[in-house]
file input_19.csv (CSV, N, CA, C and O atoms)
chain,number,residue,atom,x,y,z
A,24,MET,N,46.9,-31.6,16.8
A,24,MET,CA,46.6,-30.2,16.7
A,24,MET,C,45.9,-29.8,18.0
A,24,MET,O,45.1,-30.5,18.5
A,25,LYS,N,46.3,-28.7,18.5
A,25,LYS,CA,45.7,-28.1,19.8
A,25,LYS,C,44.3,-27.8,19.5
A,25,LYS,O,43.9,-27.3,18.4
A,26,LYS,N,43.4,-27.9,20.6
A,26,LYS,CA,42.0,-27.6,20.5
A,26,LYS,C,41.7,-26.5,21.5
A,26,LYS,O,41.9,-26.7,22.7
A,27,ILE,N,41.1,-25.4,20.9
A,27,ILE,CA,40.7,-24.3,21.8
A,27,ILE,C,39.2,-24.1,21.6
A,27,ILE,O,38.7,-24.2,20.5
A,28,ILE,N,38.6,-23.9,22.8
A,28,ILE,CA,37.1,-23.7,22.7
A,28,ILE,C,36.8,-22.2,23.0
A,28,ILE,O,37.6,-21.6,23.8
A,29,THR,N,35.8,-21.7,22.4
A,29,THR,CA,35.3,-20.3,22.8
A,29,THR,C,34.0,-20.5,23.4
A,29,THR,O,33.1,-21.3,23.1
A,30,ILE,N,33.8,-19.6,24.5
A,30,ILE,CA,32.5,-19.6,25.2
A,30,ILE,C,32.2,-18.1,25.5
A,30,ILE,O,33.0,-17.4,26.1
A,31,GLY,N,31.0,-17.7,25.1
A,31,GLY,CA,30.5,-16.4,25.5
A,31,GLY,C,29.6,-16.6,26.7
A,31,GLY,O,28.7,-17.4,26.6
A,32,GLY,N,29.8,-15.9,27.7
A,32,GLY,CA,29.1,-16.1,29.0
A,32,GLY,C,27.7,-15.6,29.0
A,32,GLY,O,27.3,-15.0,30.0
A,33,SER,N,26.9,-15.7,27.9
A,33,SER,CA,25.6,-15.3,27.9
A,33,SER,C,24.8,-16.2,27.0
A,33,SER,O,25.3,-16.8,26.0
A,34,THR,N,23.5,-16.3,27.2
A,34,THR,CA,22.6,-17.1,26.3
A,34,THR,C,21.8,-16.2,25.4
A,34,THR,O,21.0,-16.7,24.6
A,35,SER,N,22.1,-14.9,25.3
A,35,SER,CA,21.5,-14.0,24.4
A,35,SER,C,21.9,-14.4,23.0
A,35,SER,O,23.0,-14.7,22.7
A,36,LYS,N,20.9,-14.4,22.1
A,36,LYS,CA,21.2,-14.7,20.7
A,36,LYS,C,22.1,-13.7,20.0
A,36,LYS,O,22.8,-14.0,19.1
A,37,GLU,N,22.1,-12.5,20.5
A,37,GLU,CA,23.0,-11.4,20.0
A,37,GLU,C,24.1,-11.1,20.9
A,37,GLU,O,24.6,-10.0,21.0
A,38,SER,N,24.6,-12.1,21.7
A,38,SER,CA,25.6,-11.8,22.7
A,38,SER,C,26.9,-11.2,22.2
A,38,SER,O,27.5,-11.8,21.3
A,39,ILE,N,27.2,-10.1,22.7
A,39,ILE,CA,28.5,-9.5,22.3
A,39,ILE,C,29.7,-10.3,22.9
A,39,ILE,O,30.7,-10.4,22.2
A,40,ASN,N,29.5,-10.9,24.0
A,40,ASN,CA,30.5,-11.8,24.6
A,40,ASN,C,30.8,-13.0,23.7
A,40,ASN,O,32.0,-13.3,23.5
A,41,LYS,N,29.8,-13.6,23.2
A,41,LYS,CA,29.9,-14.7,22.3
A,41,LYS,C,30.7,-14.3,21.0
A,41,LYS,O,31.6,-14.9,20.5
A,42,LYS,N,30.2,-13.1,20.4
A,42,LYS,CA,30.9,-12.6,19.2
A,42,LYS,C,32.3,-12.3,19.5
A,42,LYS,O,33.2,-12.6,18.6
A,43,LEU,N,32.6,-11.7,20.6
A,43,LEU,CA,34.0,-11.4,20.9
A,43,LEU,C,34.9,-12.6,21.1
A,43,LEU,O,36.0,-12.7,20.5
A,44,ALA,N,34.4,-13.6,21.8
A,44,ALA,CA,35.2,-14.9,22.0
A,44,ALA,C,35.4,-15.5,20.6
A,44,ALA,O,36.5,-16.0,20.4
A,45,GLU,N,34.4,-15.6,19.8
A,45,GLU,CA,34.6,-16.2,18.5
A,45,GLU,C,35.5,-15.4,17.6
A,45,GLU,O,36.3,-16.0,16.8
A,46,SER,N,35.4,-14.1,17.7
A,46,SER,CA,36.3,-13.3,16.9
A,46,SER,C,37.8,-13.5,17.3
A,46,SER,O,38.7,-13.5,16.4
A,47,VAL,N,38.0,-13.5,18.6
A,47,VAL,CA,39.4,-13.8,19.0
A,47,VAL,C,39.9,-15.2,18.6
A,47,VAL,O,41.0,-15.4,18.1
A,48,GLY,N,39.0,-16.2,18.6
A,48,GLY,CA,39.3,-17.5,18.2
A,48,GLY,C,39.7,-17.5,16.7
A,48,GLY,O,40.6,-18.3,16.3
A,49,GLN,N,39.1,-16.7,15.9
A,49,GLN,CA,39.4,-16.6,14.5
A,49,GLN,C,40.8,-16.1,14.2
A,49,GLN,O,41.4,-16.3,13.2
A,50,LEU,N,41.4,-15.4,15.2
A,50,LEU,CA,42.8,-14.8,15.1
A,50,LEU,C,43.8,-15.9,15.3
A,50,LEU,O,45.0,-15.7,14.9
A,51,LEU,N,43.5,-17.0,15.9
A,51,LEU,CA,44.4,-18.1,16.2
A,51,LEU,C,44.8,-18.9,14.9
A,51,LEU,O,43.9,-19.2,14.1
A,52,LYS,N,46.0,-19.2,14.8
A,52,LYS,CA,46.5,-20.0,13.7
A,52,LYS,C,47.1,-21.3,14.2
A,52,LYS,O,47.7,-21.4,15.3
A,53,GLY,N,46.9,-22.4,13.4
A,53,GLY,CA,47.5,-23.7,13.8
A,53,GLY,C,46.8,-24.4,14.9
A,53,GLY,O,47.4,-25.3,15.5
A,54,VAL,N,45.6,-24.0,15.2
A,54,VAL,CA,44.8,-24.7,16.2
A,54,VAL,C,43.4,-25.0,15.7
A,54,VAL,O,42.9,-24.2,14.8
A,55,GLU,N,42.8,-26.0,16.3
A,55,GLU,CA,41.3,-26.2,16.0
A,55,GLU,C,40.5,-25.4,17.0
A,55,GLU,O,40.7,-25.5,18.2
A,56,VAL,N,39.7,-24.5,16.5
A,56,VAL,CA,38.8,-23.7,17.3
A,56,VAL,C,37.4,-24.2,17.3
A,56,VAL,O,36.8,-24.3,16.2
A,57,ILE,N,36.8,-24.5,18.4
A,57,ILE,CA,35.4,-24.9,18.5
A,57,ILE,C,34.6,-23.9,19.3
A,57,ILE,O,35.0,-23.6,20.4
A,58,ASN,N,33.6,-23.3,18.6
A,58,ASN,CA,32.8,-22.3,19.3
A,58,ASN,C,31.6,-23.0,20.0
A,58,ASN,O,30.8,-23.7,19.3
A,59,LEU,N,31.6,-22.9,21.3
A,59,LEU,CA,30.5,-23.5,22.0
A,59,LEU,C,29.4,-22.5,22.3
A,59,LEU,O,29.8,-21.3,22.6
A,60,ASP,N,28.2,-22.9,22.2
A,60,ASP,CA,27.1,-22.0,22.5
A,60,ASP,C,26.3,-22.5,23.7
A,60,ASP,O,25.8,-23.6,23.7
A,61,LEU,N,26.2,-21.7,24.7
A,61,LEU,CA,25.6,-22.1,26.0
A,61,LEU,C,24.1,-22.4,25.7
A,61,LEU,O,23.5,-23.1,26.6
A,62,ASN,N,23.5,-21.9,24.7
A,62,ASN,CA,22.1,-22.2,24.3
A,62,ASN,C,22.0,-23.7,24.0
A,62,ASN,O,20.8,-24.2,24.0
A,63,ASN,N,23.0,-24.4,23.7
A,63,ASN,CA,23.0,-25.8,23.4
A,63,ASN,C,23.0,-26.7,24.6
A,63,ASN,O,23.0,-28.0,24.5
A,64,TYR,N,23.1,-26.1,25.8
A,64,TYR,CA,23.2,-26.9,27.0
A,64,TYR,C,22.1,-26.4,28.0
A,64,TYR,O,22.0,-25.2,28.2
A,65,GLU,N,21.3,-27.3,28.5
A,65,GLU,CA,20.4,-26.9,29.6
A,65,GLU,C,21.1,-26.9,30.9
A,65,GLU,O,21.4,-27.9,31.5
A,66,LEU,N,21.4,-25.7,31.4
A,66,LEU,CA,22.2,-25.5,32.6
A,66,LEU,C,21.4,-24.8,33.7
A,66,LEU,O,21.0,-23.7,33.5
A,67,PRO,N,21.1,-25.5,34.8
A,67,PRO,CA,20.3,-24.9,35.8
A,67,PRO,C,21.2,-23.9,36.6
A,67,PRO,O,22.5,-24.0,36.6
A,68,ILE,N,20.6,-23.0,37.3
A,68,ILE,CA,21.3,-22.1,38.2
A,68,ILE,C,22.0,-23.0,39.2
A,68,ILE,O,21.4,-24.0,39.7
A,69,PHE,N,23.2,-22.7,39.6
A,69,PHE,CA,23.9,-23.6,40.6
A,69,PHE,C,23.1,-23.6,41.9
A,69,PHE,O,22.7,-22.6,42.4
A,70,SER,N,22.9,-24.8,42.4
A,70,SER,CA,22.3,-25.0,43.7
A,70,SER,C,22.9,-26.2,44.4
A,70,SER,O,22.9,-27.3,43.8
A,71,GLU,N,23.4,-26.0,45.6
A,71,GLU,CA,24.0,-27.1,46.3
A,71,GLU,C,22.9,-28.2,46.6
A,71,GLU,O,23.2,-29.4,46.6
A,72,ASP,N,21.7,-27.8,46.8
A,72,ASP,CA,20.6,-28.7,47.0
A,72,ASP,C,20.3,-29.6,45.8
A,72,ASP,O,20.1,-30.8,45.9
A,73,ILE,N,20.2,-28.9,44.6
A,73,ILE,CA,20.0,-29.7,43.4
A,73,ILE,C,21.2,-30.7,43.2
A,73,ILE,O,21.0,-31.8,42.8
A,74,GLU,N,22.4,-30.2,43.4
A,74,GLU,CA,23.6,-31.0,43.2
A,74,GLU,C,23.5,-32.2,44.1
A,74,GLU,O,23.8,-33.4,43.7
A,75,LYS,N,23.2,-32.0,45.4
A,75,LYS,CA,23.1,-33.1,46.3
A,75,LYS,C,22.0,-34.1,46.0
A,75,LYS,O,22.2,-35.3,46.1
A,76,ASP,N,20.8,-33.5,45.6
A,76,ASP,CA,19.7,-34.4,45.4
A,76,ASP,C,19.7,-35.1,44.0
A,76,ASP,O,19.3,-36.2,43.9
A,77,GLN,N,20.2,-34.4,43.0
A,77,GLN,CA,20.1,-34.9,41.6
A,77,GLN,C,21.4,-35.1,40.9
A,77,GLN,O,21.5,-35.7,39.9
A,78,GLY,N,22.5,-34.6,41.5
A,78,GLY,CA,23.8,-34.7,40.9
A,78,GLY,C,23.9,-33.6,39.8
A,78,GLY,O,23.1,-32.7,39.7
A,79,PHE,N,24.9,-33.7,39.0
A,79,PHE,CA,25.1,-32.8,37.9
A,79,PHE,C,24.3,-33.2,36.7
A,79,PHE,O,24.2,-34.4,36.4
A,80,SER,N,23.7,-32.2,36.0
A,80,SER,CA,22.9,-32.5,34.8
A,80,SER,C,23.8,-33.1,33.7
A,80,SER,O,25.0,-32.9,33.7
A,81,ASN,N,23.1,-33.9,32.8
A,81,ASN,CA,23.9,-34.4,31.7
A,81,ASN,C,24.5,-33.4,30.8
A,81,ASN,O,25.7,-33.5,30.4
A,82,ASP,N,23.8,-32.3,30.6
A,82,ASP,CA,24.4,-31.2,29.8
A,82,ASP,C,25.6,-30.5,30.4
A,82,ASP,O,26.5,-30.2,29.8
A,83,LEU,N,25.5,-30.4,31.8
A,83,LEU,CA,26.7,-29.8,32.5
A,83,LEU,C,27.8,-30.8,32.4
A,83,LEU,O,29.0,-30.3,32.2
A,84,GLN,N,27.6,-32.1,32.4
A,84,GLN,CA,28.7,-33.0,32.3
A,84,GLN,C,29.3,-33.0,30.9
A,84,GLN,O,30.5,-33.1,30.7
A,85,LEU,N,28.4,-32.8,29.8
A,85,LEU,CA,28.9,-32.7,28.5
A,85,LEU,C,29.7,-31.5,28.3
A,85,LEU,O,30.8,-31.5,27.7
A,86,LEU,N,29.3,-30.3,28.8
A,86,LEU,CA,30.1,-29.1,28.7
A,86,LEU,C,31.4,-29.3,29.5
A,86,LEU,O,32.4,-28.9,28.9
A,87,ASN,N,31.4,-29.9,30.6
A,87,ASN,CA,32.6,-30.1,31.4
A,87,ASN,C,33.6,-31.0,30.6
A,87,ASN,O,34.8,-30.7,30.6
A,88,LYS,N,33.1,-32.0,29.9
A,88,LYS,CA,33.9,-32.9,29.0
A,88,LYS,C,34.6,-32.1,27.9
A,88,LYS,O,35.7,-32.3,27.6
A,89,GLU,N,33.8,-31.2,27.3
A,89,GLU,CA,34.4,-30.3,26.2
A,89,GLU,C,35.5,-29.5,26.8
A,89,GLU,O,36.6,-29.4,26.1
A,90,ILE,N,35.3,-28.9,28.0
A,90,ILE,CA,36.4,-28.1,28.6
A,90,ILE,C,37.6,-29.0,28.9
A,90,ILE,O,38.7,-28.6,28.7
A,91,GLU,N,37.3,-30.1,29.5
A,91,GLU,CA,38.5,-31.0,29.9
A,91,GLU,C,39.3,-31.5,28.7
A,91,GLU,O,40.5,-31.6,28.8
A,92,ASP,N,38.6,-31.7,27.6
A,92,ASP,CA,39.2,-32.2,26.3
A,92,ASP,C,39.9,-31.1,25.5
A,92,ASP,O,40.6,-31.4,24.6
A,93,SER,N,39.8,-29.9,26.0
A,93,SER,CA,40.4,-28.8,25.2
A,93,SER,C,41.8,-28.5,25.8
A,93,SER,O,42.1,-28.8,26.9
A,94,ASP,N,42.6,-27.8,25.0
A,94,ASP,CA,43.9,-27.3,25.4
A,94,ASP,C,43.9,-25.9,25.9
A,94,ASP,O,44.8,-25.4,26.5
A,95,GLY,N,42.7,-25.2,25.7
A,95,GLY,CA,42.6,-23.9,26.1
A,95,GLY,C,41.2,-23.4,25.9
A,95,GLY,O,40.4,-23.9,25.2
A,96,ILE,N,40.9,-22.3,26.6
A,96,ILE,CA,39.6,-21.7,26.5
A,96,ILE,C,39.7,-20.2,26.3
A,96,ILE,O,40.5,-19.5,27.0
A,97,ILE,N,38.8,-19.7,25.4
A,97,ILE,CA,38.6,-18.3,25.3
A,97,ILE,C,37.3,-18.0,25.8
A,97,ILE,O,36.3,-18.5,25.3
A,98,LEU,N,37.2,-17.3,27.0
A,98,LEU,CA,35.9,-17.1,27.7
A,98,LEU,C,35.7,-15.6,27.8
A,98,LEU,O,36.6,-14.8,28.2
A,99,SER,N,34.5,-15.1,27.3
A,99,SER,CA,34.2,-13.7,27.4
A,99,SER,C,33.0,-13.5,28.3
A,99,SER,O,31.9,-14.1,28.1
A,100,LEU,N,33.2,-12.7,29.4
A,100,LEU,CA,32.1,-12.4,30.3
A,100,LEU,C,32.0,-10.9,30.6
A,100,LEU,O,33.0,-10.3,30.6
A,101,ALA,N,30.8,-10.5,30.8
A,101,ALA,CA,30.7,-9.0,31.1
A,101,ALA,C,30.1,-8.9,32.5
A,101,ALA,O,29.5,-9.7,33.0
call {"tool": "encode", "arguments": {"input": "input_19.csv", "output": "structure tokens"}}
result
Amino acid sequence: MKKIITIGGSTSKESINKKLAESVGQLLKGVEVINLDLNNYELPIFSEDIEKDQGFSNDLQLLNKEIEDSDGIILSLA
């Protein structure tokens, strides 16, 4: 079965983007839909200096793995 992830591009608890992405995901049939919440990942603001000095954070690597393992993404950003 195909795996689709949804991501709302906000960490707000009442994020309209998150609600929109999840609502669109509910319209899909015959696929596994996984709703990811950015609040579950500690993601620093992107910095070349941090990346060079510390590498990518574990949570960023986990989120990247979820994306790599999916067959598609529903992403809502404002």
call {"tool": "atom_distance", "arguments": {"input": "input_19.csv", "atom1": "atom N of Gly78 (chain A)", "atom2": "atom C of Ile28 (chain A)"}}
result
26.5 Å
call {"tool": "closest_residue", "arguments": {"input": "input_19.csv", "among": "A:Leu50, A:Leu61, A:Val56, A:Ile73", "to": "Lys26 (chain A)", "atoms": "all atoms listed in the file"}}
result
A:Val56
call {"tool": "residues_around", "arguments": {"input": "input_19.csv", "residues": "Asp60 (chain A)", "least_positions_apart": "3", "cutoff": "7 Å", "atoms": "all atoms listed in the file", "output": "MDAnalysis selection string"}}
result
chainID A and resid 29:31 33 63:64
call {"tool": "closest_residue", "arguments": {"input": "input_19.csv", "among": "A:Ile97, A:Asn62, A:Asp92, A:Asn87", "to": "Ser35 (chain A)", "atoms": "only N, CA, C and O atoms"}}
result
A:Asn62
call {"tool": "atom_distance", "arguments": {"input": "input_19.csv", "atom1": "CA of Glu37 (chain A)", "atom2": "atom N of Ser93 (chain A)"}}
result
25.7 Å
call {"tool": "atom_distance", "arguments": {"input": "input_19.csv", "atom1": "CA of Leu59 (chain A)", "atom2": "CA of Asp76 (chain A)"}}
result
28.0 Å
call {"tool": "closest_residue", "arguments": {"input": "input_19.csv", "among": "A:Lys36, A:Lys88, A:Lys25, A:Lys41", "to": "Val54 (chain A)", "atoms": "all atoms listed in the file"}}
result
A:Lys25
call {"tool": "closest_residue", "arguments": {"input": "input_19.csv", "among": "A:Glu45, A:Thr34, A:Met24, A:Glu65", "to": "Gln84 (chain A)", "atoms": "only N, CA, C and O atoms"}}
result
A:Glu65
call {"tool": "select_by_dssp", "arguments": {"input": "input_19.csv", "residues": "chain A", "states": "strand (DSSP E or B)", "output": "ChimeraX atom specification"}}
result
/A:25-31,54-59,95-99
call {"tool": "closest_residue", "arguments": {"input": "input_19.csv", "among": "A:Leu43, A:Gly32, A:Glu55, A:Lys75", "to": "Asp94 (chain A)", "atoms": "only C-alpha atoms"}}
result
A:Glu55
call {"tool": "select_by_dssp", "arguments": {"input": "input_19.csv", "residues": "chain A", "states": "helix (DSSP H, G or I)", "output": "number ranges by chain"}}
result
A: 39-50, 61-63, 71-77, 81-91
call {"tool": "write_last_selection", "arguments": {"input": "input_19.csv", "atoms": "N, CA, C and O atoms", "output": "short mmCIF file (atom, residue, chain, number, x, y, z; two decimals), keeping the file's coordinate frame"}}
result
data_model
loop_
_atom_site.label_atom_id
_atom_site.label_comp_id
_atom_site.auth_asym_id
_atom_site.auth_seq_id
_atom_site.Cartn_x
_atom_site.Cartn_y
_atom_site.Cartn_z
N ILE A 39 27.20 -10.10 22.70
CA ILE A 39 28.50 -9.50 22.30
C ILE A 39 29.70 -10.30 22.90
O ILE A 39 30.70 -10.40 22.20
N ASN A 40 29.50 -10.90 24.00
CA ASN A 40 30.50 -11.80 24.60
C ASN A 40 30.80 -13.00 23.70
O ASN A 40 32.00 -13.30 23.50
N LYS A 41 29.80 -13.60 23.20
CA LYS A 41 29.90 -14.70 22.30
C LYS A 41 30.70 -14.30 21.00
O LYS A 41 31.60 -14.90 20.50
N LYS A 42 30.20 -13.10 20.40
CA LYS A 42 30.90 -12.60 19.20
C LYS A 42 32.30 -12.30 19.50
O LYS A 42 33.20 -12.60 18.60
N LEU A 43 32.60 -11.70 20.60
CA LEU A 43 34.00 -11.40 20.90
C LEU A 43 34.90 -12.60 21.10
O LEU A 43 36.00 -12.70 20.50
N ALA A 44 34.40 -13.60 21.80
CA ALA A 44 35.20 -14.90 22.00
C ALA A 44 35.40 -15.50 20.60
O ALA A 44 36.50 -16.00 20.40
N GLU A 45 34.40 -15.60 19.80
CA GLU A 45 34.60 -16.20 18.50
C GLU A 45 35.50 -15.40 17.60
O GLU A 45 36.30 -16.00 16.80
N SER A 46 35.40 -14.10 17.70
CA SER A 46 36.30 -13.30 16.90
C SER A 46 37.80 -13.50 17.30
O SER A 46 38.70 -13.50 16.40
N VAL A 47 38.00 -13.50 18.60
CA VAL A 47 39.40 -13.80 19.00
C VAL A 47 39.90 -15.20 18.60
O VAL A 47 41.00 -15.40 18.10
N GLY A 48 39.00 -16.20 18.60
CA GLY A 48 39.30 -17.50 18.20
C GLY A 48 39.70 -17.50 16.70
O GLY A 48 40.60 -18.30 16.30
N GLN A 49 39.10 -16.70 15.90
CA GLN A 49 39.40 -16.60 14.50
C GLN A 49 40.80 -16.10 14.20
O GLN A 49 41.40 -16.30 13.20
N LEU A 50 41.40 -15.40 15.20
CA LEU A 50 42.80 -14.80 15.10
C LEU A 50 43.80 -15.90 15.30
O LEU A 50 45.00 -15.70 14.90
N LEU A 61 26.20 -21.70 24.70
CA LEU A 61 25.60 -22.10 26.00
C LEU A 61 24.10 -22.40 25.70
O LEU A 61 23.50 -23.10 26.60
N ASN A 62 23.50 -21.90 24.70
CA ASN A 62 22.10 -22.20 24.30
C ASN A 62 22.00 -23.70 24.00
O ASN A 62 20.80 -24.20 24.00
N ASN A 63 23.00 -24.40 23.70
CA ASN A 63 23.00 -25.80 23.40
C ASN A 63 23.00 -26.70 24.60
O ASN A 63 23.00 -28.00 24.50
N GLU A 71 23.40 -26.00 45.60
CA GLU A 71 24.00 -27.10 46.30
C GLU A 71 22.90 -28.20 46.60
O GLU A 71 23.20 -29.40 46.60
N ASP A 72 21.70 -27.80 46.80
CA ASP A 72 20.60 -28.70 47.00
C ASP A 72 20.30 -29.60 45.80
O ASP A 72 20.10 -30.80 45.90
N ILE A 73 20.20 -28.90 44.60
CA ILE A 73 20.00 -29.70 43.40
C ILE A 73 21.20 -30.70 43.20
O ILE A 73 21.00 -31.80 42.80
N GLU A 74 22.40 -30.20 43.40
CA GLU A 74 23.60 -31.00 43.20
C GLU A 74 23.50 -32.20 44.10
O GLU A 74 23.80 -33.40 43.70
N LYS A 75 23.20 -32.00 45.40
CA LYS A 75 23.10 -33.10 46.30
C LYS A 75 22.00 -34.10 46.00
O LYS A 75 22.20 -35.30 46.10
N ASP A 76 20.80 -33.50 45.60
CA ASP A 76 19.70 -34.40 45.40
C ASP A 76 19.70 -35.10 44.00
O ASP A 76 19.30 -36.20 43.90
N GLN A 77 20.20 -34.40 43.00
CA GLN A 77 20.10 -34.90 41.60
C GLN A 77 21.40 -35.10 40.90
O GLN A 77 21.50 -35.70 39.90
N ASN A 81 23.10 -33.90 32.80
CA ASN A 81 23.90 -34.40 31.70
C ASN A 81 24.50 -33.40 30.80
O ASN A 81 25.70 -33.50 30.40
N ASP A 82 23.80 -32.30 30.60
CA ASP A 82 24.40 -31.20 29.80
C ASP A 82 25.60 -30.50 30.40
O ASP A 82 26.50 -30.20 29.80
N LEU A 83 25.50 -30.40 31.80
CA LEU A 83 26.70 -29.80 32.50
C LEU A 83 27.80 -30.80 32.40
O LEU A 83 29.00 -30.30 32.20
N GLN A 84 27.60 -32.10 32.40
CA GLN A 84 28.70 -33.00 32.30
C GLN A 84 29.30 -33.00 30.90
O GLN A 84 30.50 -33.10 30.70
N LEU A 85 28.40 -32.80 29.80
CA LEU A 85 28.90 -32.70 28.50
C LEU A 85 29.70 -31.50 28.30
O LEU A 85 30.80 -31.50 27.70
N LEU A 86 29.30 -30.30 28.80
CA LEU A 86 30.10 -29.10 28.70
C LEU A 86 31.40 -29.30 29.50
O LEU A 86 32.40 -28.90 28.90
N ASN A 87 31.40 -29.90 30.60
CA ASN A 87 32.60 -30.10 31.40
C ASN A 87 33.60 -31.00 30.60
O ASN A 87 34.80 -30.70 30.60
N LYS A 88 33.10 -32.00 29.90
CA LYS A 88 33.90 -32.90 29.00
C LYS A 88 34.60 -32.10 27.90
O LYS A 88 35.70 -32.30 27.60
N GLU A 89 33.80 -31.20 27.30
CA GLU A 89 34.40 -30.30 26.20
C GLU A 89 35.50 -29.50 26.80
O GLU A 89 36.60 -29.40 26.10
N ILE A 90 35.30 -28.90 28.00
CA ILE A 90 36.40 -28.10 28.60
C ILE A 90 37.60 -29.00 28.90
O ILE A 90 38.70 -28.60 28.70
N GLU A 91 37.30 -30.10 29.50
CA GLU A 91 38.50 -31.00 29.90
C GLU A 91 39.30 -31.50 28.70
O GLU A 91 40.50 -31.60 28.80
#
call {"tool": "closest_residue", "arguments": {"input": "input_19.csv", "among": "A:Ile90, A:Leu98, A:Leu85, A:Ile27", "to": "Leu51 (chain A)", "atoms": "only C-alpha atoms"}}
result
A:Ile27
